[in-house]
Amino acid sequence: MKQKLMAFLVVMTIITTPLLAQTTTPASGLTKIGYTNVDYIIAKLPESKVMQNQLEVTKAQLDKALGETYKEAQDKYEAYQKNGANMTDVIRADKEKELQNLQTRIQEMQNNAQTSLQTKQQQLLEPILTKVNNAIQEVGKESGFLYILNMDAGANSTPIILFAASEENNATPMILRKLGVDPDKVDAAPASTTAPAKPATTAPATTPKKK
């Protein structure tokens with residue numbers, strides 16, 4: 001499942017604010033408005049690959065811990081099914097309570113793992129967003145843009161830029177160069193590009209319920 005990060009919406013808000021508050025409208029009466037694709041730019045940065053690798057490592061660690069707990073619950077459930085009929089009422093009740101506690105623990109681990117992964121992603125993404133935004137600000141000032149709009153409006157939405165007569169005001173190549181990326185060595189920027197996919201924690205199935 002691919003989801004746009006909420007932080008991208010913050011960046012979109014930033015880059016759609018006037019970059020040159022003191023810029024006057026050209027004598028021709030035309031306003032110079034640039035456009036770019038923040039998601040595309042982020043996806044092309046080396047830092048994004050590093051972020052993705054770190055998230056995958058974290059996810060694997062969380063899944064391993066969750067899998068071990070699930071196996072413990074599964075083994076105890078199978079033992080309960082096999083020996084339950086021969087247990088005393090007190091022992092049976094104790095085993096049932098233990099299984100219920102394990103199931104609750106697994107559910108809590110699933111929720112905590114997802115939250116932990118999202119938090120780590122936000123932490124890793126924050127400096128990347130700051131770097132991209134700074135580059136956009138610099139390109140806007142250097143190139144005399146009054147605005148730089150984001151082509152991608154977010155998940156399940158219509159891009160802000162629906163038509164561009166030419167590539168003259170496409171600020172993406174300039175922003176990439178500002179970030180140290182050669183735009184001639186990456187794929188052409190599409191109208192809308194999804195950001196690096198957010199890895200979701202794949203949790204094992206819920207502990208079997210006692211029949």
# chains A, B, ... in the order shown; residues from 1 in each chain; ligands from 1
>>> residues_around(residues="Ile33 of chain A", least_positions_apart="5", cutoff="9 Å", atoms="only C-alpha atoms", output="list of chain:residue names")
A:Gly144, A:Phe145, A:Leu146, A:Tyr147, A:Ile148, A:Leu149, A:Asn169
>>> atom_distance(atom1="atom CA of Ile128 of chain A", atom2="atom CA of Glu47 of chain A")
7.1 Å
>>> select_by_dssp(residues="segment 106-201 of chain A", states="strand (DSSP E or B)", output="VMD selection string")
chain A and resid 147 to 150 170
>>> write_last_selection(atoms="N, CA, C and O atoms", output="short mmCIF file (atom, residue, chain, number, x, y, z; two decimals), in the first residue's frame")
data_model
loop_
_atom_site.label_atom_id
_atom_site.label_comp_id
_atom_site.auth_asym_id
_atom_site.auth_seq_id
_atom_site.Cartn_x
_atom_site.Cartn_y
_atom_site.Cartn_z
N TYR A 147 6.13 32.15 -7.70
CA TYR A 147 5.66 30.94 -7.03
C TYR A 147 6.32 29.74 -7.68
O TYR A 147 6.67 29.77 -8.86
N ILE A 148 6.46 28.67 -6.90
CA ILE A 148 6.78 27.35 -7.45
C ILE A 148 5.70 26.42 -6.92
O ILE A 148 5.60 26.21 -5.70
N LEU A 149 4.89 25.88 -7.81
CA LEU A 149 3.78 25.02 -7.41
C LEU A 149 4.19 23.56 -7.49
O LEU A 149 5.03 23.17 -8.30
N ASN A 150 3.58 22.77 -6.64
CA ASN A 150 3.81 21.33 -6.65
C ASN A 150 2.84 20.68 -7.61
O ASN A 150 1.63 20.86 -7.52
N ASN A 170 9.53 24.62 -15.76
CA ASN A 170 9.69 23.40 -14.97
C ASN A 170 10.95 23.55 -14.13
O ASN A 170 12.07 23.49 -14.64
#
>>> closest_atom_pairs(of="segment 44-152 of chain A", to="segment 174-184 of chain A", cutoff="8 Å", atoms="only C-alpha atoms", output="CSV")
residue,atom,partner,partner_atom,distance
A:Lys44,CA,A:Val181,CA,7.7
A:Leu45,CA,A:Val181,CA,7.1
A:Lys131,CA,A:Leu179,CA,7.8
A:Val132,CA,A:Leu179,CA,7.3
A:Ala135,CA,A:Ile175,CA,5.9
A:Ile136,CA,A:Ile175,CA,6.0
A:Val139,CA,A:Ile175,CA,6.3
>>> closest_residue(among="A:Ser116, A:Leu125, A:Ile91, A:Pro159", to="Ala43 of chain A", atoms="only C-alpha atoms")
A:Leu125
>>> closest_residue(among="A:Asn134, A:Gln81, A:Ser143, A:Thr69", to="Gln107 of chain A", atoms="only C-alpha atoms")
A:Thr69
